[in-house]
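Reproduced below: query_31.pdb, with PDB, C-alpha atoms, pLDDT in the B column.
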```pdb
ATOM      1  CA  GLY A   1       0.000   0.000   0.000  1.00 54.00           C
ATOM      2  CA  GLU A   2       0.888   3.671  -0.047  1.00 68.00           C
ATOM      3  CA  ASN A   3       3.756   4.641   2.222  1.00 86.00           C
ATOM      4  CA  VAL A   4       3.658   8.223   3.545  1.00 94.00           C
ATOM      5  CA  GLU A   5       6.709   9.713   5.251  1.00 96.00           C
ATOM      6  CA  GLN A   6       6.371  12.984   7.166  1.00 97.00           C
ATOM      7  CA  HIS A   7       9.034  15.350   8.505  1.00 97.00           C
ATOM      8  CA  PRO A   8       9.801  16.836  10.938  1.00 97.00           C
ATOM      9  CA  SER A   9       8.138  15.037  13.835  1.00 97.00           C
ATOM     10  CA  THR A  10       8.296  18.194  15.975  1.00 98.00           C
ATOM     11  CA  LEU A  11       8.564  21.839  14.994  1.00 98.00           C
ATOM     12  CA  SER A  12       8.826  24.882  17.210  1.00 98.00           C
ATOM     13  CA  VAL A  13       8.519  28.399  15.765  1.00 98.00           C
ATOM     14  CA  GLN A  14       7.985  31.870  17.111  1.00 98.00           C
ATOM     15  CA  GLU A  15       4.718  33.644  16.539  1.00 98.00           C
ATOM     16  CA  GLY A  16       4.761  35.377  13.176  1.00 97.00           C
ATOM     17  CA  ASP A  17       7.308  33.030  11.630  1.00 97.00           C
ATOM     18  CA  SER A  18       6.542  30.495   8.897  1.00 98.00           C
ATOM     19  CA  ALA A  19       6.289  26.734   9.363  1.00 98.00           C
ATOM     20  CA  VAL A  20       6.877  24.098   6.693  1.00 98.00           C
ATOM     21  CA  ILE A  21       6.033  20.395   6.952  1.00 98.00           C
ATOM     22  CA  LYS A  22       7.040  17.944   4.231  1.00 98.00           C
ATOM     23  CA  CYS A  23       5.677  14.586   3.146  1.00 97.00           C
ATOM     24  CA  THR A  24       6.704  12.018   0.570  1.00 96.00           C
ATOM     25  CA  TYR A  25       4.590   9.235  -0.899  1.00 94.00           C
ATOM     26  CA  SER A  26       5.411   6.077  -2.815  1.00 91.00           C
ATOM     27  CA  ASP A  27       2.511   5.405  -5.207  1.00 87.00           C
ATOM     28  CA  SER A  28       2.861   7.522  -8.356  1.00 83.00           C
ATOM     29  CA  ALA A  29      -0.843   6.896  -9.112  1.00 85.00           C
ATOM     30  CA  SER A  30      -1.937   8.840  -6.010  1.00 87.00           C
ATOM     31  CA  ASN A  31      -3.945  11.913  -6.969  1.00 88.00           C
ATOM     32  CA  TYR A  32      -5.312  13.413  -3.747  1.00 91.00           C
ATOM     33  CA  PHE A  33      -3.324  14.817  -0.814  1.00 94.00           C
ATOM     34  CA  PRO A  34      -5.114  16.229   2.242  1.00 96.00           C
ATOM     35  CA  TRP A  35      -3.683  17.851   5.351  1.00 98.00           C
ATOM     36  CA  TYR A  36      -5.365  17.496   8.724  1.00 98.00           C
ATOM     37  CA  LYS A  37      -4.943  19.414  11.973  1.00 98.00           C
ATOM     38  CA  GLN A  38      -5.587  17.564  15.229  1.00 98.00           C
ATOM     39  CA  GLU A  39      -5.945  19.337  18.536  1.00 96.00           C
ATOM     40  CA  LEU A  40      -5.738  17.528  21.846  1.00 93.00           C
ATOM     41  CA  GLY A  41      -8.799  15.380  22.501  1.00 92.00           C
ATOM     42  CA  LYS A  42     -10.346  16.069  19.090  1.00 94.00           C
ATOM     43  CA  GLY A  43     -10.628  14.295  15.783  1.00 96.00           C
ATOM     44  CA  PRO A  44      -8.535  15.350  12.772  1.00 97.00           C
ATOM     45  CA  GLN A  45      -9.886  18.407  10.959  1.00 96.00           C
ATOM     46  CA  LEU A  46      -9.260  18.931   7.251  1.00 96.00           C
ATOM     47  CA  ILE A  47      -7.457  22.224   6.685  1.00 97.00           C
ATOM     48  CA  ILE A  48      -6.475  22.020   3.020  1.00 97.00           C
ATOM     49  CA  ASP A  49      -6.125  19.470   0.246  1.00 95.00           C
ATOM     50  CA  ILE A  50      -4.646  19.344  -3.239  1.00 94.00           C
ATOM     51  CA  ARG A  51      -5.293  17.195  -6.272  1.00 90.00           C
ATOM     52  CA  SER A  52      -2.662  16.065  -8.729  1.00 82.00           C
ATOM     53  CA  ASN A  53      -3.759  18.386 -11.538  1.00 83.00           C
ATOM     54  CA  VAL A  54      -2.407  21.466  -9.727  1.00 84.00           C
ATOM     55  CA  GLY A  55       0.961  22.297  -8.231  1.00 91.00           C
ATOM     56  CA  GLU A  56      -0.106  24.712  -5.505  1.00 95.00           C
ATOM     57  CA  LYS A  57      -3.183  25.707  -3.556  1.00 94.00           C
ATOM     58  CA  LYS A  58      -3.576  28.534  -1.083  1.00 96.00           C
ATOM     59  CA  ASP A  59      -6.153  29.395   1.554  1.00 95.00           C
ATOM     60  CA  GLN A  60      -5.335  32.542   3.526  1.00 96.00           C
ATOM     61  CA  ARG A  61      -2.252  31.730   5.650  1.00 97.00           C
ATOM     62  CA  ILE A  62      -2.099  28.096   4.571  1.00 98.00           C
ATOM     63  CA  ALA A  63      -0.690  26.741   1.316  1.00 98.00           C
ATOM     64  CA  VAL A  64       0.134  23.304  -0.037  1.00 97.00           C
ATOM     65  CA  THR A  65       2.583  22.550  -2.840  1.00 97.00           C
ATOM     66  CA  LEU A  66       2.822  19.327  -4.810  1.00 95.00           C
ATOM     67  CA  ASN A  67       5.736  17.957  -6.815  1.00 94.00           C
ATOM     68  CA  LYS A  68       4.483  14.850  -8.615  1.00 91.00           C
ATOM     69  CA  THR A  69       7.834  14.089 -10.213  1.00 91.00           C
ATOM     70  CA  ALA A  70       9.583  13.934  -6.869  1.00 92.00           C
ATOM     71  CA  LYS A  71       6.478  12.508  -5.152  1.00 93.00           C
ATOM     72  CA  HIS A  72       6.420  14.994  -2.335  1.00 94.00           C
ATOM     73  CA  PHE A  73       4.046  17.631  -1.024  1.00 96.00           C
ATOM     74  CA  SER A  74       4.428  20.304   1.627  1.00 98.00           C
ATOM     75  CA  LEU A  75       2.284  22.359   3.981  1.00 98.00           C
ATOM     76  CA  HIS A  76       3.228  26.000   4.460  1.00 98.00           C
ATOM     77  CA  ILE A  77       1.787  28.098   7.277  1.00 98.00           C
ATOM     78  CA  THR A  78       2.693  31.804   7.228  1.00 97.00           C
ATOM     79  CA  GLU A  79       2.354  34.352  10.028  1.00 98.00           C
ATOM     80  CA  THR A  80       1.911  31.597  12.590  1.00 98.00           C
ATOM     81  CA  GLN A  81      -0.246  32.190  15.648  1.00 97.00           C
ATOM     82  CA  PRO A  82      -0.354  30.341  19.002  1.00 96.00           C
ATOM     83  CA  GLU A  83      -3.684  28.778  17.976  1.00 97.00           C
ATOM     84  CA  ASP A  84      -1.864  27.036  15.110  1.00 98.00           C
ATOM     85  CA  SER A  85      -0.218  24.820  17.740  1.00 98.00           C
ATOM     86  CA  ALA A  86      -1.453  21.263  17.110  1.00 98.00           C
ATOM     87  CA  VAL A  87      -0.441  18.010  15.438  1.00 98.00           C
ATOM     88  CA  TYR A  88      -0.568  18.099  11.637  1.00 98.00           C
ATOM     89  CA  PHE A  89      -0.961  15.008   9.467  1.00 98.00           C
ATOM     90  CA  CYS A  90      -0.472  14.539   5.763  1.00 97.00           C
ATOM     91  CA  ALA A  91      -2.183  11.683   3.944  1.00 96.00           C
ATOM     92  CA  ALA A  92      -2.480   9.948   0.589  1.00 93.00           C
ATOM     93  CA  PRO A  93      -5.007   7.429  -0.759  1.00 89.00           C
ATOM     94  CA  THR A  94      -4.733   3.721  -0.073  1.00 84.00           C
ATOM     95  CA  ASN A  95      -4.929   1.116  -2.822  1.00 75.00           C
ATOM     96  CA  SER A  96      -8.713   0.955  -2.391  1.00 71.00           C
ATOM     97  CA  GLY A  97      -8.881   4.517  -3.641  1.00 65.00           C
ATOM     98  CA  TYR A  98     -10.628   6.578  -0.995  1.00 75.00           C
ATOM     99  CA  ALA A  99      -9.339   5.524   2.405  1.00 88.00           C
ATOM    100  CA  LEU A 100      -6.213   7.323   3.560  1.00 92.00           C
ATOM    101  CA  ASN A 101      -2.726   6.377   4.689  1.00 94.00           C
ATOM    102  CA  PHE A 102      -1.481   8.969   7.146  1.00 96.00           C
ATOM    103  CA  GLY A 103       1.975  10.192   7.999  1.00 96.00           C
ATOM    104  CA  LYS A 104       3.147   9.947  11.602  1.00 96.00           C
ATOM    105  CA  GLY A 105       2.332  13.563  12.322  1.00 97.00           C
ATOM    106  CA  THR A 106       4.178  16.783  13.110  1.00 98.00           C
ATOM    107  CA  SER A 107       3.700  18.419  16.484  1.00 98.00           C
ATOM    108  CA  LEU A 108       3.812  22.169  15.849  1.00 98.00           C
ATOM    109  CA  LEU A 109       4.364  24.562  18.734  1.00 98.00           C
ATOM    110  CA  VAL A 110       4.005  28.291  18.151  1.00 98.00           C
ATOM    111  CA  THR A 111       5.439  30.320  21.006  1.00 96.00           C
ATOM    112  CA  PRO A 112       4.334  33.921  21.649  1.00 92.00           C
TER
ATOM    113  CA  GLU B 113     -24.810  20.643   8.990  1.00 63.00           C
ATOM    114  CA  ALA B 114     -24.132  18.221  11.839  1.00 81.00           C
ATOM    115  CA  GLY B 115     -20.768  16.519  11.886  1.00 94.00           C
ATOM    116  CA  VAL B 116     -19.831  12.910  12.481  1.00 97.00           C
ATOM    117  CA  ALA B 117     -21.093  11.736  15.862  1.00 97.00           C
ATOM    118  CA  GLN B 118     -19.408   9.066  17.962  1.00 98.00           C
ATOM    119  CA  SER B 119     -20.140   7.498  21.322  1.00 97.00           C
ATOM    120  CA  PRO B 120     -19.005   6.878  23.899  1.00 97.00           C
ATOM    121  CA  ARG B 121     -16.196   9.447  24.074  1.00 97.00           C
ATOM    122  CA  TYR B 122     -14.242   7.445  26.625  1.00 97.00           C
ATOM    123  CA  LYS B 123     -14.228   3.802  27.674  1.00 98.00           C
ATOM    124  CA  ILE B 124     -12.127   1.907  30.180  1.00 98.00           C
ATOM    125  CA  ILE B 125     -12.277  -1.892  30.236  1.00 98.00           C
ATOM    126  CA  GLU B 126     -10.175  -4.789  31.430  1.00 97.00           C
ATOM    127  CA  LYS B 127      -8.410  -7.094  29.019  1.00 96.00           C
ATOM    128  CA  ARG B 128     -10.524  -9.941  27.650  1.00 97.00           C
ATOM    129  CA  GLN B 129     -13.700  -7.866  28.026  1.00 98.00           C
ATOM    130  CA  SER B 130     -15.724  -6.768  25.028  1.00 98.00           C
ATOM    131  CA  VAL B 131     -16.542  -3.218  23.928  1.00 98.00           C
ATOM    132  CA  ALA B 132     -18.579  -1.556  21.189  1.00 98.00           C
ATOM    133  CA  PHE B 133     -18.359   1.875  19.588  1.00 98.00           C
ATOM    134  CA  TRP B 134     -21.052   3.675  17.651  1.00 97.00           C
ATOM    135  CA  CYS B 135     -20.799   6.120  14.750  1.00 97.00           C
ATOM    136  CA  ASN B 136     -23.387   8.261  12.990  1.00 97.00           C
ATOM    137  CA  PRO B 137     -21.955   9.783   9.790  1.00 96.00           C
ATOM    138  CA  ILE B 138     -22.824  13.069   8.151  1.00 95.00           C
ATOM    139  CA  SER B 139     -26.264  12.832   6.568  1.00 93.00           C
ATOM    140  CA  GLY B 140     -26.090  11.574   2.999  1.00 91.00           C
ATOM    141  CA  HIS B 141     -22.514  10.306   3.185  1.00 93.00           C
ATOM    142  CA  ALA B 142     -22.377   6.886   1.589  1.00 92.00           C
ATOM    143  CA  THR B 143     -18.829   6.014   2.649  1.00 93.00           C
ATOM    144  CA  LEU B 144     -17.877   5.357   6.262  1.00 95.00           C
ATOM    145  CA  TYR B 145     -14.462   4.572   7.683  1.00 96.00           C
ATOM    146  CA  TRP B 146     -13.143   3.322  11.010  1.00 98.00           C
ATOM    147  CA  TYR B 147      -9.560   4.244  11.890  1.00 98.00           C
ATOM    148  CA  GLN B 148      -7.425   3.289  14.886  1.00 98.00           C
ATOM    149  CA  GLN B 149      -5.053   5.935  16.224  1.00 97.00           C
ATOM    150  CA  ILE B 150      -2.432   4.756  18.693  1.00 96.00           C
ATOM    151  CA  LEU B 151      -0.860   7.481  20.827  1.00 94.00           C
ATOM    152  CA  GLY B 152       1.784   9.398  18.901  1.00 92.00           C
ATOM    153  CA  GLN B 153       0.873   7.938  15.516  1.00 94.00           C
ATOM    154  CA  GLY B 154      -1.324   8.778  12.575  1.00 96.00           C
ATOM    155  CA  PRO B 155      -4.714   7.122  12.094  1.00 97.00           C
ATOM    156  CA  LYS B 156      -4.654   3.658  10.535  1.00 96.00           C
ATOM    157  CA  LEU B 157      -7.595   2.357   8.502  1.00 95.00           C
ATOM    158  CA  LEU B 158      -9.438  -0.599   9.996  1.00 97.00           C
ATOM    159  CA  ILE B 159     -12.442  -0.877   7.674  1.00 96.00           C
ATOM    160  CA  GLN B 160     -14.208   1.064   4.923  1.00 94.00           C
ATOM    161  CA  PHE B 161     -17.913   0.752   4.042  1.00 94.00           C
ATOM    162  CA  GLN B 162     -19.674   1.909   0.895  1.00 91.00           C
ATOM    163  CA  ASN B 163     -23.345   2.087   1.914  1.00 89.00           C
ATOM    164  CA  ASN B 164     -23.694  -1.204   3.830  1.00 85.00           C
ATOM    165  CA  GLY B 165     -21.026  -3.141   1.918  1.00 91.00           C
ATOM    166  CA  VAL B 166     -17.395  -3.605   2.948  1.00 93.00           C
ATOM    167  CA  VAL B 167     -14.872  -2.063   0.518  1.00 91.00           C
ATOM    168  CA  ASP B 168     -11.653  -2.685   2.453  1.00 91.00           C
ATOM    169  CA  ASP B 169     -11.115  -4.592   5.694  1.00 94.00           C
ATOM    170  CA  SER B 170      -7.609  -5.850   4.959  1.00 91.00           C
ATOM    171  CA  GLN B 171      -6.169  -4.303   8.138  1.00 92.00           C
ATOM    172  CA  LEU B 172      -8.982  -5.325  10.479  1.00 96.00           C
ATOM    173  CA  PRO B 173      -7.872  -7.989  13.020  1.00 95.00           C
ATOM    174  CA  LYS B 174     -10.823 -10.210  12.260  1.00 95.00           C
ATOM    175  CA  ASP B 175     -10.159 -12.652  15.081  1.00 96.00           C
ATOM    176  CA  ARG B 176     -11.242  -9.994  17.571  1.00 97.00           C
ATOM    177  CA  PHE B 177     -12.619  -6.979  15.690  1.00 98.00           C
ATOM    178  CA  SER B 178     -15.926  -6.816  13.850  1.00 97.00           C
ATOM    179  CA  ALA B 179     -17.904  -3.986  12.299  1.00 97.00           C
ATOM    180  CA  GLU B 180     -21.264  -3.576  10.674  1.00 96.00           C
ATOM    181  CA  ARG B 181     -23.338  -0.945   8.929  1.00 94.00           C
ATOM    182  CA  LEU B 182     -26.648  -2.712   8.517  1.00 81.00           C
ATOM    183  CA  LYS B 183     -28.828   0.026   7.042  1.00 86.00           C
ATOM    184  CA  GLY B 184     -26.105   1.986   5.303  1.00 85.00           C
ATOM    185  CA  VAL B 185     -26.162   4.787   7.882  1.00 92.00           C
ATOM    186  CA  ASP B 186     -24.959   4.156  11.469  1.00 96.00           C
ATOM    187  CA  SER B 187     -22.100   1.778  12.166  1.00 97.00           C
ATOM    188  CA  THR B 188     -20.787  -0.142  15.154  1.00 97.00           C
ATOM    189  CA  LEU B 189     -17.266  -1.415  15.759  1.00 98.00           C
ATOM    190  CA  LYS B 190     -16.790  -4.205  18.288  1.00 98.00           C
ATOM    191  CA  ILE B 191     -13.739  -5.674  19.975  1.00 98.00           C
ATOM    192  CA  GLN B 192     -14.049  -9.066  21.632  1.00 97.00           C
ATOM    193  CA  PRO B 193     -11.926  -9.940  23.547  1.00 96.00           C
ATOM    194  CA  ALA B 194      -9.871  -6.777  24.057  1.00 97.00           C
ATOM    195  CA  LYS B 195      -6.093  -6.832  24.467  1.00 97.00           C
ATOM    196  CA  LEU B 196      -3.814  -4.274  26.091  1.00 97.00           C
ATOM    197  CA  GLU B 197      -2.517  -3.213  22.664  1.00 97.00           C
ATOM    198  CA  ASP B 198      -6.046  -2.197  21.608  1.00 98.00           C
ATOM    199  CA  SER B 199      -5.730   0.918  23.773  1.00 98.00           C
ATOM    200  CA  ALA B 200      -6.122   3.726  21.250  1.00 98.00           C
ATOM    201  CA  VAL B 201      -8.506   6.335  19.899  1.00 98.00           C
ATOM    202  CA  TYR B 202     -11.052   4.904  17.475  1.00 98.00           C
ATOM    203  CA  LEU B 203     -12.023   7.436  14.846  1.00 98.00           C
ATOM    204  CA  CYS B 204     -14.982   7.313  12.534  1.00 98.00           C
ATOM    205  CA  ALA B 205     -14.994   9.329   9.301  1.00 97.00           C
ATOM    206  CA  SER B 206     -17.422   9.733   6.429  1.00 96.00           C
ATOM    207  CA  SER B 207     -17.354  11.059   2.903  1.00 93.00           C
ATOM    208  CA  SER B 208     -19.759  11.602   0.019  1.00 89.00           C
ATOM    209  CA  LEU B 209     -18.833  10.949  -3.606  1.00 71.00           C
ATOM    210  CA  THR B 210     -15.651  13.002  -3.312  1.00 70.00           C
ATOM    211  CA  ASP B 211     -12.477  12.039  -1.486  1.00 73.00           C
ATOM    212  CA  THR B 212     -12.902  14.519   1.352  1.00 90.00           C
ATOM    213  CA  GLN B 213     -13.233  12.720   4.684  1.00 94.00           C
ATOM    214  CA  TYR B 214     -14.704  14.304   7.777  1.00 95.00           C
ATOM    215  CA  PHE B 215     -13.781  12.862  11.152  1.00 97.00           C
ATOM    216  CA  GLY B 216     -15.705  12.508  14.373  1.00 97.00           C
ATOM    217  CA  PRO B 217     -14.243  13.320  17.801  1.00 97.00           C
ATOM    218  CA  GLY B 218     -13.193   9.717  18.422  1.00 97.00           C
ATOM    219  CA  THR B 219     -13.594   7.236  21.254  1.00 98.00           C
ATOM    220  CA  ARG B 220     -10.630   6.883  23.581  1.00 97.00           C
ATOM    221  CA  LEU B 221     -10.313   3.255  24.701  1.00 98.00           C
ATOM    222  CA  THR B 222      -8.140   2.227  27.619  1.00 98.00           C
ATOM    223  CA  VAL B 223      -7.615  -1.492  28.200  1.00 98.00           C
ATOM    224  CA  LEU B 224      -6.233  -2.364  31.651  1.00 97.00           C
TER
END
```
Reformat the file's structure so that it appears as structure tokens.
Amino acid sequence: GENVEQHPSTLSVQEGDSAVIKCTYSDSASNYFPWYKQELGKGPQLIIDIRSNVGEKKDQRIAVTLNKTAKHFSLHITETQPEDSAVYFCAAPTNSGYALNFGKGTSLLVTP
Amino acid sequence: EAGVAQSPRYKIIEKRQSVAFWCNPISGHATLYWYQQILGQGPKLLIQFQNNGVVDDSQLPKDRFSAERLKGVDSTLKIQPAKLEDSAVYLCASSSLTDTQYFGPGTRLTVL
């Protein structure tokens, strides 16, 4: 099945700085790449996703870039705020098509 | 629009006991997923339903785990008998015809 690698496992930035989280995947047929944010005691919440027909997608302070040749995609958060502190997961489809294989997560801490 | 509902939110049992979790997906979502999330890891797919049929249960430990979605709406996941290593958060997610999955708050299971 799809193997998703995520780095770094922890990331600490100062408020206002940018944060970048990177993921690689193994199945070149994958065409959908979501990012989820998970706060303590809650389920994962979709924050942005990208499909393979575009290279970049932006939503206010959050952007995702996709490099299909290299099989990696990245999450970019600009002007970070303390409320951005959470665990972020990248994911890619499983062989069945719609279920997801998740990375191991990145714990982001934004300090004031 | 109501989100994915799960109950109970927390459950503590002793090993070898049985336990059941309930999920009510977003109205109209044909696809339902159960994921297991062990502390410090990303969610891992256990089973995927399309309406009331199983699409993928390749990672479900069938000797002890079972799941059903009899009327194509609500679903239950059962563990019998539970082992210590089953301690985790059990997440339910649903999606419509697109890939986008929406997660519930999860059920935190502790097996003593």
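Shortest atom-to-atom contact with chain B among A:Gly55, A:His76, A:Ser107, A:Leu66: A:Ser107, counting only C-alpha atoms.
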Which residues fall under the PyMOL selection byres ((chain A) within 9 of (chain B)) in this file, as a PyMOL selection string?
-> chain A and resi 32+34+41-46+49+89-90+93+96-105
List, as a tab-separated table (two decimals) with C-alpha atoms, in the frame of the given file, every residue that the PyMOL selection byres ((chain A and resi 108-111) around 8) selects in the file provided.
```tsv
chain	number	residue	atom	x	y	z
A	10	THR	CA	8.30	18.19	15.98
A	11	LEU	CA	8.56	21.84	14.99
A	12	SER	CA	8.83	24.88	17.21
A	13	VAL	CA	8.52	28.40	15.76
A	14	GLN	CA	7.98	31.87	17.11
A	15	GLU	CA	4.72	33.64	16.54
A	80	THR	CA	1.91	31.60	12.59
A	81	GLN	CA	-0.25	32.19	15.65
A	82	PRO	CA	-0.35	30.34	19.00
A	83	GLU	CA	-3.68	28.78	17.98
A	84	ASP	CA	-1.86	27.04	15.11
A	85	SER	CA	-0.22	24.82	17.74
A	86	ALA	CA	-1.45	21.26	17.11
A	87	VAL	CA	-0.44	18.01	15.44
A	88	TYR	CA	-0.57	18.10	11.64
A	106	THR	CA	4.18	16.78	13.11
A	107	SER	CA	3.70	18.42	16.48
A	112	PRO	CA	4.33	33.92	21.65
```
Might you pull out every residue within 8 Å of Val223 of chain B, with all atoms listed in the file counted and same-chain residues fewer than 5 positions away left off, and present them as a PyMOL selection string?
-> chain B and resi 124-127+194-199
Emit the selected residues as a PDB file, in the frame of the given file, including C-alpha atoms.
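Output file again09.pdb is given in full below:
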```pdb
ATOM      1  CA  ILE B 124     -12.127   1.907  30.180  1.00 98.00           C
ATOM      2  CA  ILE B 125     -12.277  -1.892  30.236  1.00 98.00           C
ATOM      3  CA  GLU B 126     -10.175  -4.789  31.430  1.00 97.00           C
ATOM      4  CA  LYS B 127      -8.410  -7.094  29.019  1.00 96.00           C
ATOM      5  CA  ALA B 194      -9.871  -6.777  24.057  1.00 97.00           C
ATOM      6  CA  LYS B 195      -6.093  -6.832  24.467  1.00 97.00           C
ATOM      7  CA  LEU B 196      -3.814  -4.274  26.091  1.00 97.00           C
ATOM      8  CA  GLU B 197      -2.517  -3.213  22.664  1.00 97.00           C
ATOM      9  CA  ASP B 198      -6.046  -2.197  21.608  1.00 98.00           C
ATOM     10  CA  SER B 199      -5.730   0.918  23.773  1.00 98.00           C
TER      11      SER B 199
END
```
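Between atom CA of Ile48 of chain A and atom CA of Tyr36 of chain A there is a distance of 7.4 Å.
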Written as a CSV table (one decimal) with C-alpha atoms, in the frame of the given file, what is the full residue list that the PyMOL selection byres ((chain A and resi 60) around 12) yields on the file shown?
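Below you can see selection_19.csv, which holds the result:
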```
chain,number,residue,atom,x,y,z
A,47,ILE,CA,-7.5,22.2,6.7
A,48,ILE,CA,-6.5,22.0,3.0
A,57,LYS,CA,-3.2,25.7,-3.6
A,58,LYS,CA,-3.6,28.5,-1.1
A,59,ASP,CA,-6.2,29.4,1.6
A,61,ARG,CA,-2.3,31.7,5.6
A,62,ILE,CA,-2.1,28.1,4.6
A,63,ALA,CA,-0.7,26.7,1.3
A,64,VAL,CA,0.1,23.3,0.0
A,76,HIS,CA,3.2,26.0,4.5
A,77,ILE,CA,1.8,28.1,7.3
A,78,THR,CA,2.7,31.8,7.2
A,79,GLU,CA,2.4,34.4,10.0
A,80,THR,CA,1.9,31.6,12.6
```
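Atom CA of Gln192 of chain B is positioned 14.2 Å from atom CA of Glu180 of chain B.
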What is the distance, in Å and to one decimal place, between atom CA of Val131 of chain B and atom CA of Ala179 of chain B?
-> 11.7 Å
